[in-house]
$ cat work.txt   # compact mmCIF, C-alpha atoms
# COMPACT_ATOMS: atom_id res chain seq x y z
CA MET A 1295 17.32 -17.60 2.54
CA ASP A 1296 20.73 -15.92 2.46
CA LYS A 1297 21.42 -12.28 1.70
CA SER A 1298 22.56 -12.69 -1.92
CA LYS A 1299 19.52 -14.85 -2.72
CA ASN A 1300 17.27 -12.24 -1.17
CA LYS A 1301 18.96 -9.48 -3.17
CA ASN A 1302 18.39 -11.44 -6.33
CA LEU A 1303 14.77 -12.09 -5.36
CA VAL A 1304 14.16 -8.39 -4.70
CA GLU A 1305 15.66 -7.43 -8.07
CA ARG A 1306 13.50 -9.96 -9.88
CA LEU A 1307 10.42 -8.75 -8.03
CA GLN A 1308 11.29 -5.17 -8.98
CA ASN A 1309 11.48 -6.31 -12.61
CA GLY A 1310 8.01 -7.82 -12.27
CA GLU A 1311 8.98 -11.48 -12.71
CA LYS A 1312 6.15 -13.83 -11.90
CA ARG A 1313 8.47 -16.67 -10.90
CA ALA A 1314 9.92 -14.40 -8.24
CA VAL A 1315 6.42 -14.04 -6.80
CA ASP A 1316 6.17 -17.83 -6.53
CA GLU A 1317 9.52 -17.94 -4.77
CA LEU A 1318 8.54 -15.14 -2.41
CA VAL A 1319 5.28 -16.80 -1.42
CA ASP A 1320 6.77 -20.29 -1.10
CA SER A 1321 9.69 -19.09 1.01
CA TYR A 1322 7.99 -16.68 3.35
CA GLN A 1323 4.31 -17.50 3.65
CA GLY A 1324 4.89 -19.84 6.60
CA MET A 1325 6.97 -17.39 8.58
CA LEU A 1326 4.67 -14.45 7.93
CA PHE A 1327 1.50 -16.44 8.57
CA GLN A 1328 2.88 -17.66 11.88
CA LEU A 1329 3.76 -14.12 12.92
CA ILE A 1330 0.37 -12.76 11.97
CA PHE A 1331 -1.44 -15.67 13.58
CA ARG A 1332 0.37 -15.17 16.89
CA PHE A 1333 -0.88 -11.59 16.91
CA VAL A 1334 -4.41 -12.11 15.68
CA LEU A 1335 -5.13 -15.68 16.89
CA ASP A 1336 -7.73 -16.21 14.21
CA ARG A 1337 -7.04 -18.35 11.18
CA TYR A 1338 -9.34 -16.59 8.73
CA GLU A 1339 -8.31 -13.11 9.75
CA SER A 1340 -4.67 -14.19 9.56
CA GLU A 1341 -5.15 -15.47 6.03
CA ASP A 1342 -6.67 -12.17 4.94
CA LEU A 1343 -3.86 -10.26 6.58
CA LEU A 1344 -1.25 -12.50 5.00
CA GLN A 1345 -2.69 -11.78 1.58
CA GLU A 1346 -2.68 -8.05 2.33
CA THR A 1347 0.93 -8.32 3.54
CA PHE A 1348 2.07 -9.86 0.26
CA MET A 1349 0.15 -7.24 -1.70
CA ARG A 1350 1.90 -4.48 0.25
CA ILE A 1351 5.26 -6.13 -0.29
CA ILE A 1352 4.68 -6.16 -4.05
CA ARG A 1353 3.41 -2.57 -4.06
CA ARG A 1354 6.35 -1.31 -2.05
CA ILE A 1355 9.07 -3.47 -3.51
CA ASN A 1356 10.39 -0.62 -5.63
CA SER A 1357 10.86 1.56 -2.55
CA TYR A 1358 12.70 -1.19 -0.65
CA GLU A 1359 16.21 -0.10 0.17
CA GLU A 1360 18.79 -2.60 1.13
CA GLN A 1361 19.41 -1.20 4.59
CA GLY A 1362 18.19 -3.99 6.81
CA ARG A 1363 17.30 -7.57 6.26
CA PHE A 1364 14.60 -8.30 3.71
CA GLU A 1365 12.87 -10.63 6.19
CA SER A 1366 12.77 -7.86 8.82
CA TRP A 1367 11.28 -5.48 6.30
CA MET A 1368 8.53 -7.98 5.45
CA CYS A 1369 7.93 -8.79 9.11
CA LYS A 1370 7.53 -5.10 9.85
CA ILE A 1371 4.85 -4.84 7.18
CA ALA A 1372 3.06 -7.92 8.52
CA ALA A 1373 3.32 -6.81 12.15
CA ASN A 1374 2.06 -3.33 11.26
CA LEU A 1375 -0.93 -4.76 9.48
CA ALA A 1376 -1.66 -7.12 12.36
CA CYS A 1377 -1.35 -4.30 14.90
CA ASP A 1378 -3.61 -2.03 12.85
CA HIS A 1379 -6.10 -4.83 12.51
CA LEU A 1380 -6.14 -5.49 16.25
CA ARG A 1381 -6.51 -1.81 16.96
CA SER A 1382 -9.48 -1.62 14.63
CA ARG A 1383 -10.97 -4.80 16.09
CA LYS A 1384 -10.87 -3.21 19.55
CA ARG A 1385 -11.37 -6.43 21.42
CA LYS A 1386 -9.19 -8.99 23.03
CA PRO A 1387 -8.00 -11.68 20.66
CA LEU A 1388 -9.73 -15.02 20.96
CA LEU A 1389 -8.19 -18.42 20.64
CA TYR A 1390 -9.52 -20.55 17.83
CA HIS A 1391 -7.08 -23.32 18.36
CA ASP A 1392 -9.43 -26.08 17.26
CA GLU A 1393 -9.79 -24.53 13.83
CA LEU A 1394 -6.09 -24.39 13.34
CA GLU A 1395 -4.52 -26.90 11.01
CA THR A 1396 -1.10 -27.57 12.45
CA LYS A 1397 2.00 -29.57 11.86
CA PRO A 1398 2.36 -32.40 14.38
CA SER A 1399 5.08 -31.49 16.85
CA SER A 1400 8.00 -33.86 16.79
CA GLY A 1401 9.35 -35.35 19.95
CA LYS A 1402 8.12 -37.66 22.63
CA ASP A 1403 5.79 -40.46 21.60
CA ASN A 1404 4.46 -41.19 25.04
CA PRO A 1405 0.78 -40.15 25.01
CA ALA A 1406 0.86 -38.89 28.58
CA SER A 1407 3.87 -36.67 28.03
CA LEU A 1408 2.49 -35.57 24.68
CA PHE A 1409 -0.72 -34.51 26.38
CA GLN A 1410 1.22 -32.75 29.11
CA GLU A 1411 3.35 -30.88 26.58
CA LYS A 1412 0.34 -29.91 24.53
CA GLU A 1413 -1.31 -28.62 27.65
CA ALA A 1414 1.77 -26.63 28.62
CA LEU A 1415 2.04 -25.12 25.14
CA SER A 1416 -1.59 -24.22 25.10
CA LEU A 1417 -1.24 -22.51 28.47
CA LEU A 1418 1.83 -20.65 27.31
CA GLU A 1419 -0.02 -19.47 24.23
CA LYS A 1420 -2.86 -18.26 26.40
CA ALA A 1421 -0.38 -16.57 28.71
CA VAL A 1422 1.15 -14.71 25.76
CA ALA A 1423 -2.32 -13.74 24.56
CA SER A 1424 -3.15 -12.37 28.01
CA LEU A 1425 -0.04 -10.16 28.18
CA PRO A 1426 -0.63 -6.40 28.06
CA TRP A 1427 -0.69 -5.23 24.48
CA GLU A 1428 2.65 -3.35 24.56
CA GLN A 1429 4.46 -6.32 26.09
CA ARG A 1430 2.90 -8.82 23.70
CA GLN A 1431 3.86 -6.64 20.76
CA VAL A 1432 7.53 -6.55 21.77
CA PHE A 1433 7.59 -10.24 22.62
CA LEU A 1434 6.11 -11.33 19.28
CA LEU A 1435 8.18 -8.90 17.23
CA ARG A 1436 11.33 -10.25 18.84
CA GLU A 1437 10.40 -13.88 19.00
CA GLU A 1438 8.30 -14.43 15.87
CA ALA A 1439 9.45 -11.67 13.53
CA GLY A 1440 13.06 -11.88 14.70
CA LEU A 1441 13.44 -8.10 14.83
CA SER A 1442 16.26 -6.74 16.94
CA PHE A 1443 15.41 -4.49 19.88
CA LYS A 1444 16.70 -1.54 17.88
CA GLU A 1445 14.33 -2.36 15.02
CA ILE A 1446 11.46 -2.91 17.47
CA SER A 1447 12.09 0.43 19.15
CA GLU A 1448 12.11 2.17 15.76
CA GLU A 1449 8.98 0.36 14.72
CA LEU A 1450 7.07 1.24 17.89
CA GLY A 1451 8.55 4.72 18.25
CA VAL A 1452 9.97 4.06 21.73
CA SER A 1453 13.48 3.95 23.13
CA ILE A 1454 15.47 0.73 23.17
CA ASN A 1455 15.32 0.75 26.97
CA THR A 1456 11.52 0.91 26.89
CA ALA A 1457 11.38 -1.98 24.43
CA LEU A 1458 13.77 -3.97 26.63
CA SER A 1459 11.84 -3.19 29.77
CA ARG A 1460 8.57 -4.33 28.13
CA MET A 1461 10.27 -7.53 27.07
CA HIS A 1462 11.57 -8.02 30.59
CA TYR A 1463 8.08 -7.70 32.10
CA ALA A 1464 6.68 -10.06 29.47
CA VAL A 1465 9.38 -12.64 30.12
CA LYS A 1466 8.86 -12.44 33.89
CA LYS A 1467 5.12 -13.03 33.55
CA LEU A 1468 5.59 -15.92 31.14
CA GLN A 1469 8.23 -17.50 33.37
CA ASN A 1470 5.79 -17.35 36.27
CA HIS A 1471 3.17 -19.09 34.12
CA LEU A 1472 5.65 -21.77 33.11
CA GLN A 1473 6.69 -22.38 36.69
CA ARG A 1474 3.05 -22.75 37.71
CA ILE A 1475 2.31 -25.38 35.05
CA SER A 1476 5.53 -27.36 35.33
CA PRO A 1477 5.36 -30.26 37.81
CA MET B 890 28.43 -5.39 37.06
CA ASN B 891 24.96 -4.92 38.55
CA CYS B 892 22.17 -7.42 38.00
CA GLN B 893 20.35 -6.13 34.96
CA ASN B 894 17.85 -8.58 33.50
CA GLU B 895 17.51 -6.41 30.39
CA ASP B 896 21.19 -6.96 29.67
CA ILE B 897 20.72 -10.72 30.10
CA ILE B 898 17.89 -10.56 27.55
CA ARG B 899 20.10 -8.68 25.09
CA PHE B 900 22.87 -11.23 25.72
CA PHE B 901 20.44 -14.08 25.14
CA TYR B 902 19.50 -12.60 21.73
CA LYS B 903 23.16 -11.89 20.90
CA GLU B 904 22.61 -8.15 20.77
CA THR B 905 25.51 -7.19 23.00
CA SER B 906 28.86 -5.85 21.90
CA GLY B 907 32.04 -7.93 22.34
CA GLU B 908 33.04 -6.21 25.56
CA GLU B 909 29.53 -6.38 27.02
CA THR B 910 29.28 -10.06 26.15
CA GLU B 911 32.45 -10.83 28.10
CA GLN B 912 31.22 -8.82 31.09
CA ILE B 913 27.84 -10.56 31.14
CA LYS B 914 29.43 -14.00 30.74
CA SER B 915 31.66 -13.46 33.75
CA HIS B 916 28.74 -11.97 35.73
CA LEU B 917 26.59 -15.01 34.95
CA GLN B 918 29.27 -17.29 36.40
CA GLU B 919 29.27 -15.33 39.61
CA CYS B 920 25.59 -14.46 40.08
CA PRO B 921 23.18 -17.39 40.73
CA CYS B 922 20.19 -15.06 40.49
CA CYS B 923 21.03 -13.93 36.95
CA GLN B 924 22.01 -17.48 36.08
CA ALA B 925 18.53 -18.67 37.08
CA PHE B 926 16.95 -15.89 35.05
CA TYR B 927 19.04 -16.87 32.02
CA TYR B 928 18.15 -20.58 32.25
CA ASN B 929 14.46 -19.76 32.75
CA LEU B 930 14.66 -17.51 29.71
CA GLU B 931 16.20 -20.32 27.68
CA ASP B 932 13.54 -22.71 28.91
CA LEU B 933 10.76 -20.31 28.05
CA PHE B 934 11.95 -19.81 24.50
CA LEU B 935 12.60 -23.49 23.94
CA THR B 936 9.01 -24.15 25.01
CA TRP B 937 7.76 -21.33 22.79
CA LYS B 938 9.67 -22.76 19.84
CA ARG B 939 7.91 -26.10 20.28
CA GLN B 940 4.62 -24.39 19.51
CA GLU B 941 2.63 -25.99 16.75
CA LYS B 942 3.06 -24.06 13.57
CA PRO B 943 0.02 -23.04 11.58
CA VAL B 944 0.10 -24.42 8.05
CA LEU B 945 -1.45 -22.86 4.99
CA SER B 946 -3.19 -24.97 2.40
CA GLU B 947 -1.81 -25.31 -1.16
CA GLU B 948 -5.06 -23.86 -2.43
CA PHE B 949 -4.61 -20.72 -0.39
CA SER B 950 -1.02 -20.27 -1.63
CA GLY B 951 -2.27 -20.53 -5.20
CA LYS B 952 -4.92 -17.91 -4.48
CA ILE B 953 -2.31 -15.52 -3.08
CA LYS B 954 -0.04 -16.06 -6.09
CA ARG B 955 -2.84 -15.34 -8.55
CA LYS B 956 -3.67 -12.11 -6.72
CA LEU B 957 -0.03 -11.09 -6.77
CA TYR B 958 0.27 -11.79 -10.52
CA GLN B 959 -2.70 -9.47 -11.05
CA GLU B 960 -1.06 -6.83 -8.89
CA LEU B 961 2.18 -7.14 -10.89
CA ASP B 962 0.28 -6.76 -14.17
CA GLU B 963 -1.51 -3.69 -12.85
CA GLN B 964 1.78 -2.19 -11.76
CA LYS B 965 3.24 -2.76 -15.23
CA THR B 966 0.25 -0.98 -16.80
CA ILE B 967 0.57 1.86 -14.35
CA GLY B 968 4.31 1.91 -15.05
CA PHE B 969 3.74 3.23 -18.61
CA PRO B 970 2.04 6.65 -18.35
CA TRP B 971 -0.88 5.79 -20.62
CA SER B 972 -3.25 8.13 -18.83
CA ARG B 973 -0.86 11.07 -19.13
CA PHE B 974 -0.15 10.22 -22.74
CA LEU B 975 -3.85 10.10 -23.55
CA ILE B 976 -4.57 13.38 -21.77
CA ALA B 977 -1.73 15.11 -23.63
CA ALA B 978 -2.97 13.71 -26.95
CA ALA B 979 -6.53 14.84 -26.21
CA ILE B 980 -5.37 18.37 -25.35
CA LEU B 981 -3.29 18.58 -28.52
CA PHE B 982 -6.15 17.28 -30.64
CA SER B 983 -8.66 19.73 -29.20
CA LEU B 984 -6.18 22.59 -29.71
CA VAL B 985 -5.77 21.66 -33.38
CA LEU B 986 -9.52 21.48 -33.85
CA SER B 987 -10.28 24.73 -32.08
CA TRP B 988 -7.42 26.67 -33.66
CA PRO B 989 -9.64 28.46 -36.24
CA LEU B 990 -11.99 29.52 -33.46
CA LEU B 991 -9.13 31.00 -31.54
CA LYS B 992 -7.71 32.81 -34.55
CA PHE B 993 -9.36 36.26 -34.46
CA ASP B 994 -9.18 39.05 -36.95
CA GLN B 995 -7.41 41.80 -35.11
CA LYS B 996 -9.31 44.60 -36.90
CA THR B 997 -12.82 43.35 -36.29
CA THR B 998 -12.28 41.11 -33.29
CA LEU B 999 -14.44 38.59 -35.15
CA PRO B 1000 -13.34 35.25 -36.55
CA SER B 1001 -11.84 35.62 -40.01
CA PHE B 1002 -12.99 32.24 -41.30
CA PRO B 1003 -16.35 31.89 -43.10
CA ILE B 1004 -19.12 32.06 -40.63
CA VAL B 1005 -22.37 32.06 -42.58
CA LYS B 1006 -23.30 31.29 -46.18
CA THR B 1007 -26.17 32.68 -48.28
CA GLN B 1008 -27.80 29.82 -50.14
CA GLY B 1009 -31.37 30.36 -51.34
CA LYS B 1010 -33.49 30.90 -48.29
CA THR B 1011 -30.98 29.64 -45.84
CA PHE B 1012 -29.02 32.68 -44.91
CA ILE B 1013 -25.67 31.83 -43.80
CA PHE B 1014 -22.76 34.21 -44.20
CA SER B 1015 -19.73 32.96 -46.01
CA GLY B 1016 -17.70 36.09 -46.47
CA GLU B 1017 -15.01 37.51 -44.34
CA ILE B 1018 -15.77 40.74 -42.55
CA ASP B 1019 -12.90 42.54 -44.26
CA GLN B 1020 -14.24 41.55 -47.67
CA LEU B 1021 -17.68 42.74 -46.67
CA ARG B 1022 -16.18 46.05 -45.72
CA LYS B 1023 -14.36 46.48 -48.99
CA ASN B 1024 -17.09 45.34 -51.36
CA VAL B 1025 -20.36 46.66 -49.97
CA ARG B 1026 -20.16 49.65 -47.76
CA LYS B 1027 -23.72 49.50 -46.43
CA VAL B 1028 -23.48 45.83 -45.88
CA LYS B 1029 -20.19 46.30 -44.18
CA GLN B 1030 -21.51 48.77 -41.64
CA THR B 1031 -24.75 46.93 -40.87
CA GLU B 1032 -23.05 43.58 -41.07
CA TYR B 1033 -20.31 44.66 -38.78
CA ARG B 1034 -22.80 45.86 -36.20
CA PHE B 1035 -24.78 42.67 -36.59
CA MET B 1036 -21.73 40.52 -36.21
CA GLN B 1037 -20.81 42.31 -33.06
CA ARG B 1038 -24.27 41.74 -31.68
CA TYR B 1039 -24.24 38.15 -32.85
CA PHE B 1040 -21.24 37.36 -30.84
CA LYS B 1041 -22.56 39.07 -27.76
CA LYS B 1042 -25.83 37.16 -27.78
CA PRO B 1043 -26.00 34.23 -25.47
CA SER B 1044 -28.45 32.18 -27.48
CA PHE B 1045 -27.26 30.80 -30.79
CA HIS B 1046 -30.80 30.21 -32.07
CA LYS B 1047 -31.82 33.81 -31.49
CA SER B 1048 -28.71 34.96 -33.27
CA ILE B 1049 -29.50 32.82 -36.30
CA VAL B 1050 -33.08 34.15 -36.49
CA SER B 1051 -31.81 37.67 -36.20
CA LEU B 1052 -29.16 36.90 -38.82
CA GLN B 1053 -31.80 35.61 -41.23
CA LYS B 1054 -33.96 38.71 -40.82
CA LYS B 1055 -31.02 41.03 -41.31
CA THR B 1056 -29.80 39.14 -44.37
CA LYS B 1057 -33.29 39.22 -45.93
CA ARG B 1058 -33.33 42.97 -45.51
CA PHE B 1059 -29.96 43.29 -47.23
CA HIS B 1060 -31.20 41.17 -50.10
CA LYS B 1061 -34.13 43.47 -50.63
CA LYS B 1062 -32.00 46.60 -50.39
CA LEU B 1063 -29.24 45.49 -52.71
CA GLU B 1064 -31.43 43.34 -54.97
CA SER B 1065 -28.70 40.88 -55.37
CA PRO B 1066 -27.29 37.98 -53.40
CA LEU B 1067 -24.51 38.91 -51.16
CA PHE B 1068 -22.07 36.34 -52.54
$ encode --input "work.txt" --output "structure tokens"
Amino acid sequence: MDKSKNKNLVERLQNGEKRAVDELVDSYQGMLFQLIFRFVLDRYESEDLLQETFMRIIRRINSYEEQGRFESWMCKIAANLACDHLRSRKRKPLLYHDELETKPSSGKDNPASLFQEKEALSLLEKAVASLPWEQRQVFLLREEAGLSFKEISEELGVSINTALSRMHYAVKKLQNHLQRISP
Amino acid sequence: MNCQNEDIIRFFYKETSGEETEQIKSHLQECPCCQAFYYNLEDLFLTWKRQEKPVLSEEFSGKIKRKLYQELDEQKTIGFPWSRFLIAAAILFSLVLSWPLLKFDQKTTLPSFPIVKTQGKTFIFSGEIDQLRKNVRKVKQTEYRFMQRYFKKPSFHKSIVSLQKKTKRFHKKLESPLF
């Protein structure tokens, strides 16, 4: 959604229009759910957190100032909730991949290559899940939420260099994983 | 330019300034090590992007929307300060009602509105203390003392009993109803 559309959406939400709520949910539920799911790796918990994210967005919409992107603002709320949730859960996230209803990935039709790709993706997902918490946080905020390193550093209360260095370590580890699984 | 993988990452995400971008581009052409890092980075993110995307059911979207409508309605209700308005109205109303109680006779420090009437055997005063003073001297003095005591007593019942006794005595003394 472009900037002017977002501005209009925010104004309508601030005026309490119910149609704007529909638009908000329809446009952003996928993106936010994906972000939350990558953090939490549990469908049911992700659904609860998504609902809470939208509630917070509605509650705070009047305090939203048009400084950054609206998407970034929403992603920050979602990521914060996911991080708080993981902190309170105090255990390593588990993969419930079988429970996940997913869109079929487009691409090769060859069953062997499809299986191979699925395997590689699954391993990559596990590799991301096994990253140290700080590195995973930066990786997902950059890759899934689309926050810039400046926004990530502000969000996490660290310097840009620290955020970049965490990303670097994460990338290195994931590259090693990819190299191991690729033929 | 030195090999800085962090800079390559920033370049990959298009977070470098114009000058930096040019520097990194020329460095990438010269440095095979950084080039490899860049291509691996690209490969990694292309793989990550191919991840299956979780999909929400229509039913769940509807549930979220209903919750959000409720939240919007609540916010609208909260938006108008009903609670403050009601509190202010209640304070004003209680002030109006209790105004006579607050209005004290400066001379006697007792309320100037009728307190007790004398009707048959039920002894309730109905006169004002100033009137009592002017009309019946004896009554005034005793009554005044009584009234002072009445207001000091903690128990209302006791005060009424005492009031009845006192009033009976006045009746006998004066041989006429007070009012």
$ interface_residues --input "work.txt" --of "chain B" --to "chain A" --cutoff "8 Å" --atoms "only C-alpha atoms" --output "NGL selection string"
:B and (894-895 or 898 or 904 or 929-930 or 933 or 936-937 or 939-945 or 950 or 953-954 or 956-958 or 960-961 or 964-965)
$ write_last_selection --input "work.txt" --atoms "C-alpha atoms" --output "compact mmCIF listing (two decimals), keeping the file's coordinate frame"
# COMPACT_ATOMS: atom_id res chain seq x y z
CA ASN B 894 17.85 -8.58 33.50
CA GLU B 895 17.51 -6.41 30.39
CA ILE B 898 17.89 -10.56 27.55
CA GLU B 904 22.61 -8.15 20.77
CA ASN B 929 14.46 -19.76 32.75
CA LEU B 930 14.66 -17.51 29.71
CA LEU B 933 10.76 -20.31 28.05
CA THR B 936 9.01 -24.15 25.01
CA TRP B 937 7.76 -21.33 22.79
CA ARG B 939 7.91 -26.10 20.28
CA GLN B 940 4.62 -24.39 19.51
CA GLU B 941 2.63 -25.99 16.75
CA LYS B 942 3.06 -24.06 13.57
CA PRO B 943 0.02 -23.04 11.58
CA VAL B 944 0.10 -24.42 8.05
CA LEU B 945 -1.45 -22.86 4.99
CA SER B 950 -1.02 -20.27 -1.63
CA ILE B 953 -2.31 -15.52 -3.08
CA LYS B 954 -0.04 -16.06 -6.09
CA LYS B 956 -3.67 -12.11 -6.72
CA LEU B 957 -0.03 -11.09 -6.77
CA TYR B 958 0.27 -11.79 -10.52
CA GLU B 960 -1.06 -6.83 -8.89
CA LEU B 961 2.18 -7.14 -10.89
CA GLN B 964 1.78 -2.19 -11.76
CA LYS B 965 3.24 -2.76 -15.23
$ closest_residue --input "work.txt" --among "A:Leu1434, A:Ala1376, A:Arg1363, A:Ser1298" --to "A:Asp1336" --atoms "all atoms listed in the file"
A:Ala1376
$ axis_aligned_box --input "work.txt" --around "stretch 914-928 of chain B" --padding-each-side "8 Å" --output "JSON"
{"center_x": 24.3, "center_y": -16.3, "center_z": 35.7, "size_x": 30.7, "size_y": 24.6, "size_z": 26.0}
$ closest_residue --input "work.txt" --among "A:Leu1417, A:Val1334, A:Val1452, A:Leu1343" --to "A:Val1432" --atoms "only C-alpha atoms"
A:Val1452
$ atom_distance --input "work.txt" --atom1 "atom CA of A:Gly1451" --atom2 "atom CA of A:Ala1439"
17.1 Å
$ atom_distance --input "work.txt" --atom1 "atom CA of A:Glu1445" --atom2 "atom CA of B:Ala925"
27.8 Å
$ residues_around --input "work.txt" --residues "A:Leu1435" --least-positions-apart "5" --cutoff "8 Å" --atoms "only C-alpha atoms" --output "compact mmCIF listing (two decimals) with C-alpha atoms, keeping the file's coordinate frame"
# COMPACT_ATOMS: atom_id res chain seq x y z
CA ALA A 1373 3.32 -6.81 12.15
CA GLY A 1440 13.06 -11.88 14.70
CA LEU A 1441 13.44 -8.10 14.83
CA ILE A 1446 11.46 -2.91 17.47
